[in-house]
Amino acid sequence: MPSLKALLRGALLAAMLLAGAARAELNIEIIGGGANRHAISVLPFKDEGPTQGNLTPVIRNDLALSGAFRLVDPAAVANVPFEPADVRYPLWQAAGAQSIAIGKVENAGGGQIKISFRLMDVSQQKQLAGAEFTVTPDRSRQAAHAIADLIYEAITGQKGFFNTRLAYVLKTGRNYALQISDVDGQRSQTILRSTEPIISPSWSPDGRHIAYVSFASQKPVIWVQDLATGQRRVAANFKGSNSAPAWSPDGSRLAVVLTTSGNSQIYVINAAGGAARRLMYNGGIDTEPTFSPDGSMIYFVSDRSGGPQIYRVPVNGGDAQRVTWDGNYNVSPKVSPDGKTLVYIRRAAGNFRVMSQDLATNDTRLLSDGSYSERPSFAPNGRMVLYSSDIGGQSVLYAASADGSSKVKLAVLNGDVQDPAWGPFNNP
């Protein structure tokens, strides 16, 4: 069996050789949905013209993306209310809607608009949630994401994730671009361009910085970039390779992989730079560290048992404990925000697929299909898992519900997307 080092080198080489052309726009395609989705109708908001289509369609798209909702077509009901008093509940109940979202847009003066929103429960005939947002028209998309978050939380009891962001690397020809976008793939921005590979973007817990690996100096070097100012600094440039940065939950440290001692080993450094503290000593290869949500443990990949498997070790060092036992190739671990679930990539029968594992019972669940998936990461509320997958020779983004009941395809047009990472709740 090939060594972990050879396998990881081969996977990196394969990713680097993927080719694409020029645009970085993402389009959502709903592929599946859970059997118990909540039926909701999002009605057109009154006078929403100033939002230039960035209100009702965005809210609907967000709710569909989550896999938790089934959208009821408002055109099928002869009632278009903008205020709670105008809702004709029997009509909506007959249409199968469990709730409806209504609202209006008004001129607030000074170049701003006021967006008013209400979520109404159809069977109980009462308001479940409501809010008002006074924004400039160019920020109506953010207001729409906030409304979708309120709807999601009111129905599911979980905090919504629609105002979060994604990071990924887009490869077009021989060029690489590190980009961030809204969770629905819109408003994409390039924060770094290079003719050399960029890999392993990792969000800081406050959402203000991204750590990543750049090969611009003809070797892997870890950088940290401020998203507001664009300023960046070297976080790790030790002898040999510097790779796989992962932030501690408090944002003060980075777990990194260095080859200063020969084989790839895990070290912990101050996020501002400085000396590196080696976490373990063994003759194998340790790589792909990620912190547990409480910061007490680091999960990582090692070939110390032969093939690549996932282990965990106390953050201050100690004995490593093996976590994955099924299969002979398990890599790219990420732990859910509640610390209860692990997602990772398993190779089986030549296919690389996203797996979910209950850390208490060790029960596993398949989240992806196809022949090649990589780099899973959780939404900050733990309800969805982002990953990239190869479709027809092109890498595209997917988001699957953590229970495996639904999947969303974020199709990348004319480009190959690699190393996706879901950002935190903080959205400066």
# chains A, B, ... in the order shown; residues from 1 in each chain; ligands from 1
>>> residues_around(residues="Ile191 in chain A", least_positions_apart="3", cutoff="9 Å", atoms="only C-alpha atoms", output="ChimeraX atom specification")
/A:177-180,225,227,230
>>> write_last_selection(atoms="C-alpha atoms", output="mmCIF file, in the first residue's frame")
data_model
loop_
_atom_site.group_PDB
_atom_site.id
_atom_site.type_symbol
_atom_site.label_atom_id
_atom_site.label_comp_id
_atom_site.auth_asym_id
_atom_site.auth_seq_id
_atom_site.Cartn_x
_atom_site.Cartn_y
_atom_site.Cartn_z
ATOM 1 C CA ALA A 177 -7.323 32.774 -6.798
ATOM 2 C CA LEU A 178 -8.258 32.637 -3.127
ATOM 3 C CA GLN A 179 -11.853 33.813 -2.956
ATOM 4 C CA ILE A 180 -14.587 34.405 -0.412
ATOM 5 C CA GLN A 225 -4.390 37.767 5.726
ATOM 6 C CA LEU A 227 -9.833 40.466 5.099
ATOM 7 C CA GLY A 230 -5.901 43.032 2.620
#
>>> residues_around(residues="range 240-248 of chain A", least_positions_apart="4", cutoff="7 Å", atoms="only C-alpha atoms", output="PyMOL selection string")
chain A and resi 200+202+204+211-213+219-222+236+252-260+288-291+295
>>> write_last_selection(atoms="N, CA and C atoms", output="compact mmCIF listing (two decimals), in the first residue's frame")
# COMPACT_ATOMS: atom_id res chain seq x y z
N SER A 200 -5.36 25.13 1.33
CA SER A 200 -5.68 25.03 2.76
C SER A 200 -6.12 26.33 3.42
N SER A 202 -8.06 28.66 5.90
CA SER A 202 -8.64 28.37 7.20
C SER A 202 -9.09 29.68 7.84
N SER A 204 -10.22 32.37 10.66
CA SER A 204 -10.07 32.66 12.08
C SER A 204 -11.45 32.63 12.73
N ALA A 211 -6.01 32.13 7.21
CA ALA A 211 -4.67 31.55 7.06
C ALA A 211 -4.70 30.63 5.84
N TYR A 212 -3.59 30.56 5.12
CA TYR A 212 -3.52 29.72 3.94
C TYR A 212 -2.07 29.40 3.63
N VAL A 213 -1.88 28.48 2.71
CA VAL A 213 -0.54 28.10 2.28
C VAL A 213 -0.32 28.59 0.86
N LYS A 219 8.17 27.19 -2.23
CA LYS A 219 8.02 26.23 -1.13
C LYS A 219 6.75 26.61 -0.38
N PRO A 220 6.14 25.66 0.33
CA PRO A 220 4.92 25.99 1.07
C PRO A 220 5.22 26.87 2.28
N VAL A 221 4.56 28.03 2.32
CA VAL A 221 4.70 28.98 3.42
C VAL A 221 3.29 29.35 3.89
N ILE A 222 3.09 29.45 5.21
CA ILE A 222 1.79 29.79 5.77
C ILE A 222 1.69 31.31 5.97
N ALA A 236 4.24 31.19 9.28
CA ALA A 236 5.20 30.09 9.45
C ALA A 236 6.01 29.93 8.17
N SER A 252 -5.95 32.38 19.15
CA SER A 252 -4.62 32.79 19.58
C SER A 252 -3.50 31.95 18.99
N ARG A 253 -3.81 30.74 18.53
CA ARG A 253 -2.79 29.81 18.07
C ARG A 253 -3.18 29.18 16.74
N LEU A 254 -2.17 28.65 16.08
CA LEU A 254 -2.37 27.85 14.88
C LEU A 254 -1.69 26.50 15.06
N ALA A 255 -2.40 25.45 14.71
CA ALA A 255 -1.76 24.15 14.56
C ALA A 255 -1.28 24.07 13.12
N VAL A 256 -0.03 23.66 12.91
CA VAL A 256 0.56 23.62 11.58
C VAL A 256 1.34 22.33 11.41
N VAL A 257 1.65 22.02 10.16
CA VAL A 257 2.46 20.84 9.86
C VAL A 257 3.79 21.32 9.29
N LEU A 258 4.89 20.91 9.93
CA LEU A 258 6.24 21.30 9.51
C LEU A 258 7.07 20.05 9.24
N THR A 259 8.08 20.23 8.38
CA THR A 259 9.00 19.12 8.10
C THR A 259 10.41 19.44 8.56
N THR A 260 10.53 20.30 9.54
CA THR A 260 11.86 20.68 10.02
C THR A 260 12.64 19.49 10.58
N GLU A 288 -2.65 17.28 8.76
CA GLU A 288 -4.04 17.74 8.75
C GLU A 288 -4.62 17.93 10.15
N PRO A 289 -4.02 18.76 10.99
CA PRO A 289 -4.57 18.98 12.33
C PRO A 289 -5.84 19.82 12.28
N THR A 290 -6.71 19.62 13.26
CA THR A 290 -7.87 20.48 13.46
C THR A 290 -8.25 20.44 14.94
N PHE A 291 -8.59 21.58 15.51
CA PHE A 291 -8.92 21.65 16.93
C PHE A 291 -10.33 21.16 17.21
N GLY A 295 -11.18 23.39 22.27
CA GLY A 295 -9.76 23.68 22.25
C GLY A 295 -8.90 22.71 23.04
>>> select_by_dssp(residues="range 135-362 of chain A", states="alpha helix (DSSP H)", output="PyMOL selection string")
chain A and resi 140-156
>>> write_last_selection(atoms="N, CA, C and O atoms", output="PDB file, in the first residue's frame")
ATOM      1  N   SER A 140     -29.360  45.169   0.605  1.00  0.00           N
ATOM      2  CA  SER A 140     -30.596  44.396   0.751  1.00  0.00           C
ATOM      3  C   SER A 140     -30.325  42.896   0.744  1.00  0.00           C
ATOM      4  O   SER A 140     -31.070  42.120   1.352  1.00  0.00           O
ATOM      5  N   ARG A 141     -29.255  42.464   0.072  1.00  0.00           N
ATOM      6  CA  ARG A 141     -28.920  41.032   0.082  1.00  0.00           C
ATOM      7  C   ARG A 141     -28.567  40.575   1.500  1.00  0.00           C
ATOM      8  O   ARG A 141     -28.996  39.504   1.930  1.00  0.00           O
ATOM      9  N   GLN A 142     -27.789  41.362   2.227  1.00  0.00           N
ATOM     10  CA  GLN A 142     -27.464  41.001   3.600  1.00  0.00           C
ATOM     11  C   GLN A 142     -28.717  40.977   4.467  1.00  0.00           C
ATOM     12  O   GLN A 142     -28.860  40.110   5.347  1.00  0.00           O
ATOM     13  N   ALA A 143     -29.636  41.929   4.239  1.00  0.00           N
ATOM     14  CA  ALA A 143     -30.895  41.935   4.991  1.00  0.00           C
ATOM     15  C   ALA A 143     -31.711  40.689   4.688  1.00  0.00           C
ATOM     16  O   ALA A 143     -32.333  40.103   5.580  1.00  0.00           O
ATOM     17  N   ALA A 144     -31.700  40.261   3.428  1.00  0.00           N
ATOM     18  CA  ALA A 144     -32.427  39.041   3.047  1.00  0.00           C
ATOM     19  C   ALA A 144     -31.844  37.828   3.762  1.00  0.00           C
ATOM     20  O   ALA A 144     -32.591  36.958   4.247  1.00  0.00           O
ATOM     21  N   HIS A 145     -30.498  37.728   3.812  1.00  0.00           N
ATOM     22  CA  HIS A 145     -29.867  36.623   4.542  1.00  0.00           C
ATOM     23  C   HIS A 145     -30.258  36.662   6.019  1.00  0.00           C
ATOM     24  O   HIS A 145     -30.510  35.618   6.636  1.00  0.00           O
ATOM     25  N   ALA A 146     -30.329  37.868   6.590  1.00  0.00           N
ATOM     26  CA  ALA A 146     -30.707  37.996   8.001  1.00  0.00           C
ATOM     27  C   ALA A 146     -32.149  37.547   8.219  1.00  0.00           C
ATOM     28  O   ALA A 146     -32.472  36.903   9.233  1.00  0.00           O
ATOM     29  N   ILE A 147     -33.036  37.869   7.287  1.00  0.00           N
ATOM     30  CA  ILE A 147     -34.428  37.421   7.388  1.00  0.00           C
ATOM     31  C   ILE A 147     -34.504  35.903   7.292  1.00  0.00           C
ATOM     32  O   ILE A 147     -35.225  35.254   8.065  1.00  0.00           O
ATOM     33  N   ALA A 148     -33.759  35.318   6.368  1.00  0.00           N
ATOM     34  CA  ALA A 148     -33.725  33.859   6.251  1.00  0.00           C
ATOM     35  C   ALA A 148     -33.210  33.228   7.533  1.00  0.00           C
ATOM     36  O   ALA A 148     -33.706  32.182   7.979  1.00  0.00           O
ATOM     37  N   ASP A 149     -32.210  33.869   8.170  1.00  0.00           N
ATOM     38  CA  ASP A 149     -31.698  33.368   9.448  1.00  0.00           C
ATOM     39  C   ASP A 149     -32.791  33.372  10.515  1.00  0.00           C
ATOM     40  O   ASP A 149     -32.927  32.419  11.297  1.00  0.00           O
ATOM     41  N   LEU A 150     -33.581  34.460  10.566  1.00  0.00           N
ATOM     42  CA  LEU A 150     -34.656  34.547  11.550  1.00  0.00           C
ATOM     43  C   LEU A 150     -35.718  33.481  11.308  1.00  0.00           C
ATOM     44  O   LEU A 150     -36.240  32.875  12.257  1.00  0.00           O
ATOM     45  N   ILE A 151     -36.062  33.247  10.053  1.00  0.00           N
ATOM     46  CA  ILE A 151     -37.041  32.205   9.720  1.00  0.00           C
ATOM     47  C   ILE A 151     -36.515  30.839  10.124  1.00  0.00           C
ATOM     48  O   ILE A 151     -37.218  30.035  10.756  1.00  0.00           O
ATOM     49  N   TYR A 152     -35.263  30.572   9.764  1.00  0.00           N
ATOM     50  CA  TYR A 152     -34.650  29.280  10.070  1.00  0.00           C
ATOM     51  C   TYR A 152     -34.657  29.018  11.578  1.00  0.00           C
ATOM     52  O   TYR A 152     -35.021  27.924  12.037  1.00  0.00           O
ATOM     53  N   GLU A 153     -34.280  30.036  12.361  1.00  0.00           N
ATOM     54  CA  GLU A 153     -34.213  29.842  13.812  1.00  0.00           C
ATOM     55  C   GLU A 153     -35.605  29.676  14.413  1.00  0.00           C
ATOM     56  O   GLU A 153     -35.803  28.871  15.329  1.00  0.00           O
ATOM     57  N   ALA A 154     -36.588  30.437  13.903  1.00  0.00           N
ATOM     58  CA  ALA A 154     -37.944  30.341  14.438  1.00  0.00           C
ATOM     59  C   ALA A 154     -38.553  28.965  14.187  1.00  0.00           C
ATOM     60  O   ALA A 154     -39.302  28.452  15.020  1.00  0.00           O
ATOM     61  N   ILE A 155     -38.224  28.345  13.066  1.00  0.00           N
ATOM     62  CA  ILE A 155     -38.818  27.057  12.706  1.00  0.00           C
ATOM     63  C   ILE A 155     -38.020  25.890  13.272  1.00  0.00           C
ATOM     64  O   ILE A 155     -38.595  24.921  13.776  1.00  0.00           O
ATOM     65  N   THR A 156     -36.691  25.955  13.194  1.00  0.00           N
ATOM     66  CA  THR A 156     -35.868  24.805  13.584  1.00  0.00           C
ATOM     67  C   THR A 156     -35.329  24.889  15.007  1.00  0.00           C
ATOM     68  O   THR A 156     -34.909  23.877  15.576  1.00  0.00           O
TER      69      THR A 156
END
>>> closest_residue(among="A:Val122, A:Asn328, A:Ala379, A:Gln265", to="Arg347 in chain A", atoms="only C-alpha atoms")
A:Asn328
>>> closest_residue(among="A:Ile100, A:Val313, A:Ile40, A:Ser214", to="Ser296 in chain A", atoms="only C-alpha atoms")
A:Val313
>>> select_by_dssp(residues="range 4-219 of chain A", states="strand (DSSP E)", output="ChimeraX atom specification")
/A:26-30,38-42,69-71,99-109,112-121,126-135,165-172,175-182,189-194,198-203,209-214
>>> residues_around(residues="Arg70 in chain A", least_positions_apart="4", cutoff="9 Å", atoms="only C-alpha atoms", output="PyMOL selection string")
chain A and resi 33+36-41+63-64
>>> closest_residue(among="A:Val87, A:Ala272, A:Ala75, A:Val135", to="Asp121 in chain A", atoms="only C-alpha atoms")
A:Val87
>>> closest_residue(among="A:Arg193, A:Arg208, A:Arg233, A:Arg277", to="Thr164 in chain A", atoms="only C-alpha atoms")
A:Arg208
>>> decode(residues="range 155-191 of chain A", atoms="N, CA, C and O atoms", output="mmCIF file, in the first residue's frame")
data_model
loop_
_atom_site.group_PDB
_atom_site.id
_atom_site.type_symbol
_atom_site.label_atom_id
_atom_site.label_comp_id
_atom_site.auth_asym_id
_atom_site.auth_seq_id
_atom_site.Cartn_x
_atom_site.Cartn_y
_atom_site.Cartn_z
ATOM 1 N N ILE A 155 -38.224 28.345 13.066
ATOM 2 C CA ILE A 155 -38.818 27.057 12.706
ATOM 3 C C ILE A 155 -38.020 25.890 13.272
ATOM 4 O O ILE A 155 -38.595 24.921 13.776
ATOM 5 N N THR A 156 -36.691 25.955 13.194
ATOM 6 C CA THR A 156 -35.868 24.805 13.584
ATOM 7 C C THR A 156 -35.329 24.889 15.007
ATOM 8 O O THR A 156 -34.909 23.877 15.576
ATOM 9 N N GLY A 157 -35.312 26.096 15.579
ATOM 10 C CA GLY A 157 -34.713 26.266 16.888
ATOM 11 C C GLY A 157 -33.199 26.375 16.848
ATOM 12 O O GLY A 157 -32.544 26.521 17.886
ATOM 13 N N GLN A 158 -32.610 26.323 15.641
ATOM 14 C CA GLN A 158 -31.164 26.422 15.456
ATOM 15 C C GLN A 158 -30.810 27.778 14.836
ATOM 16 O O GLN A 158 -31.573 28.323 14.047
ATOM 17 N N LYS A 159 -29.659 28.296 15.192
ATOM 18 C CA LYS A 159 -29.208 29.562 14.617
ATOM 19 C C LYS A 159 -28.961 29.409 13.126
ATOM 20 O O LYS A 159 -28.368 28.431 12.674
ATOM 21 N N GLY A 160 -29.448 30.358 12.338
ATOM 22 C CA GLY A 160 -29.264 30.294 10.893
ATOM 23 C C GLY A 160 -27.843 30.613 10.481
ATOM 24 O O GLY A 160 -27.097 31.272 11.211
ATOM 25 N N PHE A 161 -27.468 30.149 9.277
ATOM 26 C CA PHE A 161 -26.088 30.315 8.808
ATOM 27 C C PHE A 161 -26.004 31.068 7.485
ATOM 28 O O PHE A 161 -24.970 31.079 6.828
ATOM 29 N N PHE A 162 -27.080 31.746 7.091
ATOM 30 C CA PHE A 162 -27.110 32.334 5.756
ATOM 31 C C PHE A 162 -26.299 33.608 5.623
ATOM 32 O O PHE A 162 -25.974 34.027 4.516
ATOM 33 N N ASN A 163 -25.949 34.239 6.733
ATOM 34 C CA ASN A 163 -25.108 35.433 6.676
ATOM 35 C C ASN A 163 -23.643 35.102 6.892
ATOM 36 O O ASN A 163 -22.836 35.979 7.213
ATOM 37 N N THR A 164 -23.282 33.825 6.754
ATOM 38 C CA THR A 164 -21.877 33.436 6.840
ATOM 39 C C THR A 164 -21.249 33.452 5.447
ATOM 40 O O THR A 164 -21.913 33.729 4.447
ATOM 41 N N ARG A 165 -19.960 33.123 5.398
ATOM 42 C CA ARG A 165 -19.253 33.180 4.111
ATOM 43 C C ARG A 165 -18.466 31.886 3.867
ATOM 44 O O ARG A 165 -18.191 31.120 4.791
ATOM 45 N N LEU A 166 -18.122 31.680 2.620
ATOM 46 C CA LEU A 166 -17.304 30.550 2.207
ATOM 47 C C LEU A 166 -15.963 31.070 1.711
ATOM 48 O O LEU A 166 -15.869 32.169 1.168
ATOM 49 N N ALA A 167 -14.934 30.256 1.887
ATOM 50 C CA ALA A 167 -13.631 30.518 1.268
ATOM 51 C C ALA A 167 -13.273 29.307 0.421
ATOM 52 O O ALA A 167 -13.617 28.175 0.768
ATOM 53 N N TYR A 168 -12.604 29.539 -0.682
ATOM 54 C CA TYR A 168 -12.195 28.447 -1.558
ATOM 55 C C TYR A 168 -11.126 28.962 -2.510
ATOM 56 O O TYR A 168 -10.920 30.180 -2.657
ATOM 57 N N VAL A 169 -10.442 28.047 -3.132
ATOM 58 C CA VAL A 169 -9.441 28.396 -4.143
ATOM 59 C C VAL A 169 -10.026 28.072 -5.508
ATOM 60 O O VAL A 169 -10.513 26.953 -5.738
ATOM 61 N N LEU A 170 -9.995 29.040 -6.405
ATOM 62 C CA LEU A 170 -10.467 28.832 -7.774
ATOM 63 C C LEU A 170 -9.265 28.748 -8.700
ATOM 64 O O LEU A 170 -8.427 29.651 -8.724
ATOM 65 N N LYS A 171 -9.177 27.670 -9.452
ATOM 66 C CA LYS A 171 -8.089 27.494 -10.415
ATOM 67 C C LYS A 171 -8.633 27.679 -11.817
ATOM 68 O O LYS A 171 -9.597 27.017 -12.222
ATOM 69 N N THR A 172 -8.040 28.586 -12.552
ATOM 70 C CA THR A 172 -8.405 28.828 -13.944
ATOM 71 C C THR A 172 -7.132 28.771 -14.772
ATOM 72 O O THR A 172 -6.271 29.637 -14.654
ATOM 73 N N GLY A 173 -7.009 27.725 -15.570
ATOM 74 C CA GLY A 173 -5.769 27.532 -16.306
ATOM 75 C C GLY A 173 -4.619 27.292 -15.352
ATOM 76 O O GLY A 173 -4.667 26.402 -14.523
ATOM 77 N N ARG A 174 -3.586 28.131 -15.448
ATOM 78 C CA ARG A 174 -2.420 28.012 -14.556
ATOM 79 C C ARG A 174 -2.464 29.042 -13.424
ATOM 80 O O ARG A 174 -1.472 29.253 -12.728
ATOM 81 N N ASN A 175 -3.604 29.679 -13.243
ATOM 82 C CA ASN A 175 -3.732 30.730 -12.240
ATOM 83 C C ASN A 175 -4.594 30.265 -11.066
ATOM 84 O O ASN A 175 -5.553 29.499 -11.244
ATOM 85 N N TYR A 176 -4.266 30.766 -9.880
ATOM 86 C CA TYR A 176 -4.988 30.428 -8.660
ATOM 87 C C TYR A 176 -5.515 31.708 -8.032
ATOM 88 O O TYR A 176 -4.841 32.736 -8.023
ATOM 89 N N ALA A 177 -6.736 31.633 -7.487
ATOM 90 C CA ALA A 177 -7.323 32.774 -6.798
ATOM 91 C C ALA A 177 -7.975 32.296 -5.512
ATOM 92 O O ALA A 177 -8.792 31.371 -5.532
ATOM 93 N N LEU A 178 -7.597 32.904 -4.397
ATOM 94 C CA LEU A 178 -8.258 32.637 -3.127
ATOM 95 C C LEU A 178 -9.446 33.577 -3.037
ATOM 96 O O LEU A 178 -9.276 34.800 -3.092
ATOM 97 N N GLN A 179 -10.648 33.009 -2.917
ATOM 98 C CA GLN A 179 -11.853 33.813 -2.956
ATOM 99 C C GLN A 179 -12.717 33.565 -1.728
ATOM 100 O O GLN A 179 -12.661 32.508 -1.108
ATOM 101 N N ILE A 180 -13.541 34.565 -1.410
ATOM 102 C CA ILE A 180 -14.587 34.405 -0.412
ATOM 103 C C ILE A 180 -15.905 34.814 -1.055
ATOM 104 O O ILE A 180 -15.933 35.605 -2.002
ATOM 105 N N SER A 181 -16.998 34.239 -0.576
ATOM 106 C CA SER A 181 -18.311 34.560 -1.125
ATOM 107 C C SER A 181 -19.353 34.418 -0.039
ATOM 108 O O SER A 181 -19.095 33.880 1.041
ATOM 109 N N ASP A 182 -20.572 34.917 -0.321
ATOM 110 C CA ASP A 182 -21.706 34.624 0.541
ATOM 111 C C ASP A 182 -21.939 33.126 0.543
ATOM 112 O O ASP A 182 -21.443 32.395 -0.327
ATOM 113 N N VAL A 183 -22.741 32.654 1.486
ATOM 114 C CA VAL A 183 -22.977 31.224 1.590
ATOM 115 C C VAL A 183 -23.715 30.684 0.368
ATOM 116 O O VAL A 183 -23.620 29.496 0.044
ATOM 117 N N ASP A 184 -24.429 31.550 -0.359
ATOM 118 C CA ASP A 184 -25.097 31.117 -1.577
ATOM 119 C C ASP A 184 -24.208 31.298 -2.801
ATOM 120 O O ASP A 184 -24.656 31.141 -3.937
ATOM 121 N N GLY A 185 -22.946 31.625 -2.578
ATOM 122 C CA GLY A 185 -21.988 31.722 -3.670
ATOM 123 C C GLY A 185 -21.931 33.067 -4.350
ATOM 124 O O GLY A 185 -21.075 33.290 -5.218
ATOM 125 N N GLN A 186 -22.783 34.014 -3.963
ATOM 126 C CA GLN A 186 -22.795 35.325 -4.594
ATOM 127 C C GLN A 186 -21.809 36.273 -3.900
ATOM 128 O O GLN A 186 -21.239 35.965 -2.874
ATOM 129 N N ARG A 187 -21.630 37.429 -4.492
ATOM 130 C CA ARG A 187 -20.705 38.473 -3.994
ATOM 131 C C ARG A 187 -19.304 37.918 -3.793
ATOM 132 O O ARG A 187 -18.636 38.202 -2.790
ATOM 133 N N SER A 188 -18.833 37.124 -4.730
ATOM 134 C CA SER A 188 -17.495 36.560 -4.595
ATOM 135 C C SER A 188 -16.437 37.658 -4.738
ATOM 136 O O SER A 188 -16.570 38.572 -5.544
ATOM 137 N N GLN A 189 -15.394 37.567 -3.916
ATOM 138 C CA GLN A 189 -14.282 38.509 -3.947
ATOM 139 C C GLN A 189 -12.981 37.728 -3.963
ATOM 140 O O GLN A 189 -12.827 36.744 -3.234
ATOM 141 N N THR A 190 -12.053 38.173 -4.768
ATOM 142 C CA THR A 190 -10.720 37.566 -4.795
ATOM 143 C C THR A 190 -9.825 38.309 -3.830
ATOM 144 O O THR A 190 -9.646 39.522 -3.932
ATOM 145 N N ILE A 191 -9.231 37.585 -2.874
ATOM 146 C CA ILE A 191 -8.352 38.243 -1.900
ATOM 147 C C ILE A 191 -6.884 37.983 -2.197
ATOM 148 O O ILE A 191 -6.018 38.631 -1.632
#
